[in-house]
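Engineer: Would you mind keeping the following structure in view while I ask a few things?
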Amino acid sequence: MSAITDAALQAAPADKARGYWATVGRRIRRDKVSMACAFILVAIFIAAVLAPWLGLADPYQGSMIRRLRHIGTPGYPLGTDELGRDMLARLIYGGRLSLVIGILPVILGFLIGTSLGLVAGYVGGKVNTAIMRTVDVFYAFPSVLLAIAISGALGAGIVNSIVSLTIVFVPQITRVAESVTTGVRNMDFVEAARASGAGPFTIMRVHMLGNVLGSIFVYATGLISVSMILAAGLSFLGLGTKPPEPEWGLMLNTLRTAIYVNPWVAALPGGMIFAVSICFNLLSDGMRSAMDIRN
Amino acid sequence: MLVYVARRIVYVIPIVLSVALVCFMLVHITPGDPLVAILPADASQELANQLRAAYGFDRPLPVQFGLWLWRALNGDLGHSIATGRPVLSEVMRAVGNTVTLAIAAAMIGFSLGLFFGLIAGYFRDTWIDKVATSIAIAGVSVPHYWLGMVLVIIFSVELNWLPAVGAGPGGSSAWGWDWEHIRYLILPAITTSVIPMGIITRTVRALTGDILSQDFVEALRAKGLHETHVFRHVIKNAAPTALAVMGLQLGYMLGGSILIETVFSWPGSGLLLNSAIFQRDLPLLQGTILVLALFFVLLNLIVDIVQASIDPRIKRS
């Protein structure tokens, strides 16, 4: 007995001194793939935010005589699109809208889904049944179909596409949040909090949230990749933003007619969606394994 | 087993009803008048009212839902506003082509996914694992509609080996399994297969890893069992979950084909949905989504039953 305690005491300081999140942070900083992805994402974000100050060509200014220039044309490093607009400028400006419509639904879904899941998991009983059975209905649709059905019924537009994608993600995040919360609910420290007189709201906010948020957050990060693809896909179908706005999915759609003239310029916007999506996926994988201390 | 199946079927009924309700409500969240697509711009109020009554839009919502559901149960999903033909026959013809595409894609995606997943799980943390997981990550991260475009650029525009769009001679209603038609299927099927390939690779890799780390594998090896026999046990244990994931993926391919069918002008349910959206053909939109969602629910039911029949642990829970 004392031998075990001794060993535990000797092992403890190293873990104690750092704490869980510091350990996770250190592990993820050591992961080269995650760091490379984070770097690429930050670069794309900063470029999108600072686009007007980067000395780029006007992304709306076309020219009939400079249409569909090839990649590497002097003055147009990534060529020009079907209306003679500079592709480099449009790709960087396109990041603004594409990233917003891709990421915002996951953030909204995270907020709504976490709240619903937390309440369902903590309160249990009839509330749980009501919330979770409603969630089940949305699981009866393949997510692409659900997004397109709602978006198609509401009509084209940025807000409608964000709303439809949020409706797709809320049930998924709710399910994860509910199952994590149910797991934490019966733990001793929650019982202790209840015994010392904490109300349900305090217990949820102070004692449960911190313990469930990590897993839900990692799950939500993994959804950003899907969300980017679907959001751009809605624009690609013509259900998102409208021309001449630069947005990767829409650019891919309008350039489709150009694949016989200048195929590789036409493929560029999709390359951007792919890059962002794969980086978020790899980053989410990296976070998941960093948080899994057992390994 | 019979009790399990019966319970599972009973559980599906409320889901089917709610799915029908969601599909019904789609028309009513639509901004503007649902008749806008057929009414001429200068139509009189009287004509609008007549049409509204003809389509039943003038009654209270619950009554409309009841009537719509009753007709749907009898196989009447209304008529397409754009073509005037019955929605059900339009949808069923298109679904046939989507099933063709999904089955071809499933054959490619499932076999590659199983292969990559098994070798990645078996040779965990070696270069084989790294290559297989990279392919899987790329598969789940790629915007598939873009991949379709890139494949068209390579194989149709640059190399001129395969056709870029359509479903071959005879268009939407004359599919056959001969080279003249299969030529048209290759690119869309490969494009559709990448997501299931990636997801199945990741699932099977994780499953294989879990199973190999369990004690019974150790026991089998200690018993002196040859590695190929151990492998057989791994497959047997991984099968129920892997099958469930495959069934779900097949459902996603059937229901989520709109983007790929648009890229390749493949005359399936996705392309039909696309035209229904842009012609504001609401009965067709509603009907297509209902049929696809019901296929998905049915497939989920079949998956659950098959899974329970091969995995005795499920029935008891």
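Ordering of the structure tokens sets the chain letters (A, B, ...), residue numbers begin anew at 1 in every chain, and ligands are numbered from 1 in the order given.
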Per residue of chain A within 6 Å of chain B, record the nearest atom pair and its distance in Å to one decimal, counting only C-alpha atoms, with rows in chain order and ascending residue number, as a Markdown table.

Structural biologist:
| residue | atom | partner | partner_atom | distance |
| --- | --- | --- | --- | --- |
| A:Val137 | CA | B:Ile15 | CA | 6.0 |
| A:Ala140 | CA | B:Val297 | CA | 5.8 |
| A:Phe141 | CA | B:Ala293 | CA | 5.3 |
| A:Pro142 | CA | B:Tyr252 | CA | 5.4 |
| A:Val144 | CA | B:Gly256 | CA | 5.1 |
| A:Leu145 | CA | B:Gly256 | CA | 5.4 |
| A:Gly152 | CA | B:Ile277 | CA | 5.5 |
| A:Ala153 | CA | B:Thr30 | CA | 5.1 |
| A:Leu154 | CA | B:Thr30 | CA | 5.1 |
| A:Ile229 | CA | B:Pro143 | CA | 5.4 |
| A:Gly270 | CA | B:Trp146 | CA | 5.4 |
| A:Phe274 | CA | B:Val142 | CA | 5.2 |
| A:Ser277 | CA | B:Ser141 | CA | 5.4 |
| A:Ile278 | CA | B:Ser141 | CA | 4.9 |

Engineer: Select from region 58-259 of chain B everything DSSP, run on the backbone, classes as alpha helix (DSSP H), then give the selection as an MDAnalysis selection string.

Structural biologist: chainID B and resid 61:73 87:122 127:141 144:152 179:212 215:222 227:255 258:259

Engineer: So which residues touch region 156-158 of chain A within 12 Å, counting only C-alpha atoms, skipping near sequence neighbours fewer than 4 positions away, as number ranges by chain?

Structural biologist: A: 97-98, 100-102, 104-105, 148-152, 162-165, 231-232, 234-243, 245, 247, 250; B: 30-31, 277-278, 280

Engineer: Just to be explicit: take each residue in the selection above, keep N, CA, C and O atoms, and write the result as a short mmCIF file (atom, residue, chain, number, x, y, z; two decimals), in the first residue's frame.

Structural biologist:
data_model
loop_
_atom_site.label_atom_id
_atom_site.label_comp_id
_atom_site.auth_asym_id
_atom_site.auth_seq_id
_atom_site.Cartn_x
_atom_site.Cartn_y
_atom_site.Cartn_z
N LEU A 97 -15.62 35.59 -47.60
CA LEU A 97 -16.97 35.05 -47.55
C LEU A 97 -16.95 33.53 -47.34
O LEU A 97 -17.72 33.00 -46.54
N SER A 98 -16.06 32.84 -48.04
CA SER A 98 -16.03 31.38 -47.95
C SER A 98 -15.77 30.91 -46.53
O SER A 98 -16.41 29.96 -46.05
N VAL A 100 -16.32 32.62 -43.75
CA VAL A 100 -17.44 32.97 -42.88
C VAL A 100 -18.59 31.97 -43.05
O VAL A 100 -19.08 31.40 -42.07
N ILE A 101 -19.00 31.71 -44.31
CA ILE A 101 -20.14 30.82 -44.49
C ILE A 101 -19.78 29.37 -44.16
O ILE A 101 -20.65 28.55 -43.90
N GLY A 102 -18.47 29.05 -44.17
CA GLY A 102 -18.07 27.70 -43.81
C GLY A 102 -17.97 27.49 -42.31
O GLY A 102 -18.29 26.42 -41.80
N LEU A 104 -19.07 29.83 -39.68
CA LEU A 104 -20.15 30.34 -38.84
C LEU A 104 -21.21 29.27 -38.50
O LEU A 104 -21.63 29.18 -37.34
N PRO A 105 -21.66 28.44 -39.47
CA PRO A 105 -22.65 27.42 -39.11
C PRO A 105 -22.17 26.49 -38.01
O PRO A 105 -22.96 26.08 -37.16
N ILE A 148 -29.52 20.92 -48.57
CA ILE A 148 -30.02 21.40 -49.85
C ILE A 148 -31.53 21.56 -49.84
O ILE A 148 -32.07 22.50 -50.42
N ALA A 149 -32.21 20.67 -49.11
CA ALA A 149 -33.66 20.79 -49.02
C ALA A 149 -34.06 22.11 -48.36
O ALA A 149 -34.89 22.86 -48.89
N ILE A 150 -33.43 22.43 -47.23
CA ILE A 150 -33.79 23.66 -46.53
C ILE A 150 -33.36 24.88 -47.33
O ILE A 150 -34.13 25.82 -47.54
N SER A 151 -32.12 24.82 -47.82
CA SER A 151 -31.61 25.92 -48.60
C SER A 151 -32.44 26.13 -49.87
O SER A 151 -32.74 27.26 -50.25
N GLY A 152 -32.81 25.02 -50.51
CA GLY A 152 -33.60 25.12 -51.73
C GLY A 152 -34.99 25.67 -51.46
O GLY A 152 -35.54 26.42 -52.26
N ILE A 162 -26.38 29.78 -44.45
CA ILE A 162 -25.85 29.62 -43.08
C ILE A 162 -26.91 28.97 -42.18
O ILE A 162 -26.61 28.06 -41.41
N VAL A 163 -28.17 29.42 -42.33
CA VAL A 163 -29.25 28.84 -41.53
C VAL A 163 -29.38 27.35 -41.81
O VAL A 163 -29.44 26.51 -40.90
N SER A 164 -29.37 26.97 -43.09
CA SER A 164 -29.60 25.57 -43.42
C SER A 164 -28.46 24.70 -42.91
O SER A 164 -28.68 23.60 -42.39
N LEU A 165 -27.22 25.20 -42.99
CA LEU A 165 -26.10 24.40 -42.49
C LEU A 165 -26.12 24.31 -40.97
O LEU A 165 -25.80 23.27 -40.39
N ALA A 231 -20.85 24.37 -47.59
CA ALA A 231 -21.16 25.78 -47.83
C ALA A 231 -20.75 26.17 -49.24
O ALA A 231 -21.53 26.78 -49.98
N ALA A 232 -19.52 25.80 -49.61
CA ALA A 232 -19.07 26.10 -50.97
C ALA A 232 -19.91 25.33 -51.98
O ALA A 232 -20.19 25.83 -53.08
N LEU A 234 -23.12 24.60 -51.70
CA LEU A 234 -24.38 25.32 -51.90
C LEU A 234 -24.17 26.49 -52.86
O LEU A 234 -24.99 26.73 -53.76
N SER A 235 -23.06 27.22 -52.69
CA SER A 235 -22.77 28.31 -53.62
C SER A 235 -22.52 27.78 -55.02
O SER A 235 -22.92 28.39 -56.01
N PHE A 236 -21.86 26.63 -55.08
CA PHE A 236 -21.57 26.00 -56.37
C PHE A 236 -22.87 25.69 -57.11
O PHE A 236 -22.97 25.82 -58.32
N LEU A 237 -23.89 25.29 -56.35
CA LEU A 237 -25.18 24.99 -56.97
C LEU A 237 -25.97 26.25 -57.29
O LEU A 237 -26.99 26.20 -57.97
N GLY A 238 -25.49 27.40 -56.77
CA GLY A 238 -26.22 28.64 -56.99
C GLY A 238 -27.15 28.97 -55.84
O GLY A 238 -28.03 29.82 -55.99
N LEU A 239 -26.99 28.28 -54.70
CA LEU A 239 -27.87 28.53 -53.56
C LEU A 239 -27.23 29.45 -52.52
O LEU A 239 -27.85 29.78 -51.52
N GLY A 240 -26.00 29.85 -52.75
CA GLY A 240 -25.32 30.69 -51.76
C GLY A 240 -25.32 32.13 -52.21
O GLY A 240 -26.37 32.70 -52.48
N THR A 241 -24.13 32.69 -52.30
CA THR A 241 -24.00 34.08 -52.67
C THR A 241 -24.20 34.27 -54.19
O THR A 241 -24.28 33.30 -54.93
N LYS A 242 -24.31 35.52 -54.61
CA LYS A 242 -24.60 35.81 -56.02
C LYS A 242 -23.40 36.49 -56.68
O LYS A 242 -22.64 37.18 -56.00
N PRO A 243 -23.20 36.31 -57.98
CA PRO A 243 -22.14 37.04 -58.67
C PRO A 243 -22.39 38.55 -58.54
O PRO A 243 -23.55 38.94 -58.40
N GLU A 245 -19.81 38.62 -56.47
CA GLU A 245 -19.11 38.43 -55.21
C GLU A 245 -18.06 37.32 -55.33
O GLU A 245 -18.38 36.23 -55.83
N GLU A 247 -16.38 34.22 -54.14
CA GLU A 247 -16.58 33.16 -53.14
C GLU A 247 -16.15 31.89 -53.84
O GLU A 247 -16.50 31.66 -55.00
N LEU A 250 -18.80 29.58 -55.63
CA LEU A 250 -19.42 30.26 -56.77
C LEU A 250 -18.43 30.44 -57.91
O LEU A 250 -18.77 30.28 -59.09
N THR B 30 -41.16 28.14 -47.53
CA THR B 30 -40.77 28.84 -48.74
C THR B 30 -41.33 30.26 -48.72
O THR B 30 -42.53 30.44 -48.53
N PRO B 31 -40.44 31.24 -48.92
CA PRO B 31 -40.97 32.60 -48.97
C PRO B 31 -41.80 32.78 -50.25
O PRO B 31 -41.51 32.19 -51.28
N ILE B 277 -35.38 22.73 -57.67
CA ILE B 277 -35.07 23.93 -56.90
C ILE B 277 -35.10 25.17 -57.78
O ILE B 277 -35.68 26.18 -57.44
N PHE B 278 -34.48 25.06 -58.96
CA PHE B 278 -34.32 26.27 -59.75
C PHE B 278 -35.54 26.61 -60.60
O PHE B 278 -35.69 27.74 -61.02
N ARG B 280 -38.40 26.29 -59.12
CA ARG B 280 -39.34 26.47 -58.02
C ARG B 280 -40.51 25.49 -58.14
O ARG B 280 -41.66 25.83 -57.94
#

Engineer: Mind checking which residues fall within 8 Å of Pro86 (chain B), counting only C-alpha atoms, ignoring those fewer than 6 positions away in the same chain, and posting them as a VMD selection string?

Structural biologist: chain B and resid 76 to 80

Engineer: Output all heavy atoms for every residue in the selection just made, as a PDB file, in the first residue's frame.

Structural biologist:
ATOM      1  N   ASP B  76     -49.491   8.799 -54.350  1.00  0.00           N
ATOM      2  CA  ASP B  76     -49.733  10.004 -55.154  1.00  0.00           C
ATOM      3  C   ASP B  76     -49.001  11.179 -54.505  1.00  0.00           C
ATOM      4  O   ASP B  76     -49.401  11.673 -53.457  1.00  0.00           O
ATOM      5  CB  ASP B  76     -51.240  10.268 -55.223  1.00  0.00           C
ATOM      6  CG  ASP B  76     -51.542  11.569 -55.952  1.00  0.00           C
ATOM      7  OD1 ASP B  76     -50.634  12.084 -56.623  1.00  0.00           O
ATOM      8  OD2 ASP B  76     -52.679  12.050 -55.833  1.00  0.00           O
ATOM      9  N   LEU B  77     -47.903  11.600 -55.132  1.00  0.00           N
ATOM     10  CA  LEU B  77     -47.142  12.722 -54.590  1.00  0.00           C
ATOM     11  C   LEU B  77     -47.450  14.005 -55.347  1.00  0.00           C
ATOM     12  O   LEU B  77     -46.683  14.949 -55.326  1.00  0.00           O
ATOM     13  CB  LEU B  77     -45.642  12.419 -54.642  1.00  0.00           C
ATOM     14  CG  LEU B  77     -45.154  11.312 -53.708  1.00  0.00           C
ATOM     15  CD1 LEU B  77     -43.695  11.000 -53.954  1.00  0.00           C
ATOM     16  CD2 LEU B  77     -45.352  11.722 -52.258  1.00  0.00           C
ATOM     17  N   GLY B  78     -48.540  14.023 -56.062  1.00  0.00           N
ATOM     18  CA  GLY B  78     -48.904  15.223 -56.805  1.00  0.00           C
ATOM     19  C   GLY B  78     -48.258  15.261 -58.175  1.00  0.00           C
ATOM     20  O   GLY B  78     -47.619  14.292 -58.602  1.00  0.00           O
ATOM     21  N   HIS B  79     -48.442  16.374 -58.854  1.00  0.00           N
ATOM     22  CA  HIS B  79     -47.880  16.520 -60.187  1.00  0.00           C
ATOM     23  C   HIS B  79     -46.837  17.610 -60.208  1.00  0.00           C
ATOM     24  O   HIS B  79     -46.951  18.614 -59.514  1.00  0.00           O
ATOM     25  CB  HIS B  79     -48.994  16.836 -61.190  1.00  0.00           C
ATOM     26  CG  HIS B  79     -49.851  15.655 -61.475  1.00  0.00           C
ATOM     27  ND1 HIS B  79     -50.791  15.198 -60.568  1.00  0.00           N
ATOM     28  CD2 HIS B  79     -49.900  14.820 -62.530  1.00  0.00           C
ATOM     29  CE1 HIS B  79     -51.386  14.132 -61.059  1.00  0.00           C
ATOM     30  NE2 HIS B  79     -50.870  13.878 -62.258  1.00  0.00           N
ATOM     31  N   SER B  80     -45.801  17.385 -61.010  1.00  0.00           N
ATOM     32  CA  SER B  80     -44.763  18.388 -61.166  1.00  0.00           C
ATOM     33  C   SER B  80     -45.375  19.636 -61.782  1.00  0.00           C
ATOM     34  O   SER B  80     -46.128  19.547 -62.756  1.00  0.00           O
ATOM     35  CB  SER B  80     -43.656  17.839 -62.052  1.00  0.00           C
ATOM     36  OG  SER B  80     -42.938  18.887 -62.630  1.00  0.00           O
TER      37      SER B  80
END

Engineer: Between CA of Ile128 (chain B) and CA of Leu212 (chain B), what distance in Å does the model show, to one decimal?

Structural biologist: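 Those two atoms sit 16.8 Å apart.
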
Engineer: So that I can see what lies close to Phe57 (chain B), please list as a VMD selection string the residues with an atom at most 12 Å from it, counting only C-alpha atoms and leaving out residues fewer than 3 positions away in the same chain.

Structural biologist: chain B and resid 27 to 28 33 to 35 48 to 54 60 to 65 67 to 68

Engineer: Have a look at CA of Leu146 (chain A) and CA of Phe264 (chain B) and let me know their distance in Å, one decimal.

Structural biologist: 21.4 Å

Engineer: Neighbours of Ser265 (chain B) within 12 Å (only C-alpha atoms; same-chain residues fewer than 4 positions away dropped), as a list in words?

Structural biologist: Asn97, Thr98, Tyr145, Gly148, Met149, Pro163, Ala164, Val165, Gly166, Ala167, Gly168, Gly171, Ser172, Tyr184, Leu185, Leu187, Pro188, Ser257, Ile258, Leu259, Ile260, Glu261, Ser269, Gly270, Leu271, Leu272, Asn274 and Ser275 of chain B

Engineer: Could the residues in this selection be written to a file with C-alpha atoms, as a compact mmCIF listing (two decimals), in the first residue's frame?

Structural biologist:
# COMPACT_ATOMS: atom_id res chain seq x y z
CA ASN B 97 -29.93 6.11 -62.24
CA THR B 98 -28.78 7.29 -58.82
CA TYR B 145 -17.65 18.28 -56.82
CA GLY B 148 -15.18 15.63 -60.34
CA MET B 149 -14.14 18.74 -62.24
CA PRO B 163 -16.88 11.50 -71.73
CA ALA B 164 -17.37 14.51 -69.45
CA VAL B 165 -21.14 14.58 -68.98
CA GLY B 166 -24.33 12.58 -69.41
CA ALA B 167 -25.30 8.94 -69.08
CA GLY B 168 -24.59 7.70 -72.57
CA GLY B 171 -30.07 9.58 -72.01
CA SER B 172 -31.82 9.13 -68.72
CA TYR B 184 -20.06 7.49 -68.79
CA LEU B 185 -20.27 5.96 -65.33
CA LEU B 187 -15.75 9.33 -63.62
CA PRO B 188 -18.89 10.03 -61.57
CA SER B 257 -25.71 12.83 -54.99
CA ILE B 258 -26.91 16.28 -56.06
CA LEU B 259 -23.49 17.94 -56.34
CA ILE B 260 -21.88 15.14 -58.32
CA GLU B 261 -24.89 14.66 -60.54
CA SER B 269 -32.45 12.11 -58.35
CA GLY B 270 -29.86 14.78 -57.54
CA LEU B 271 -30.15 16.42 -60.94
CA LEU B 272 -33.93 16.22 -60.62
CA ASN B 274 -31.49 20.61 -58.77
CA SER B 275 -33.98 21.39 -61.51

Engineer: For the atom pair CA of Arg175 (chain A) and CA of Tyr139 (chain A), what is the interatomic distance in Å to one decimal place?

Structural biologist: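 Here the two named atoms are 10.2 Å from each other.
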
Engineer: So which residues touch region 34-43 of chain A within 8 Å, counting only C-alpha atoms, skipping near sequence neighbours fewer than 3 positions away, as a ChimeraX atom specification?

Structural biologist: /A:28-31,46-47,276,279-280,282-283,286-287
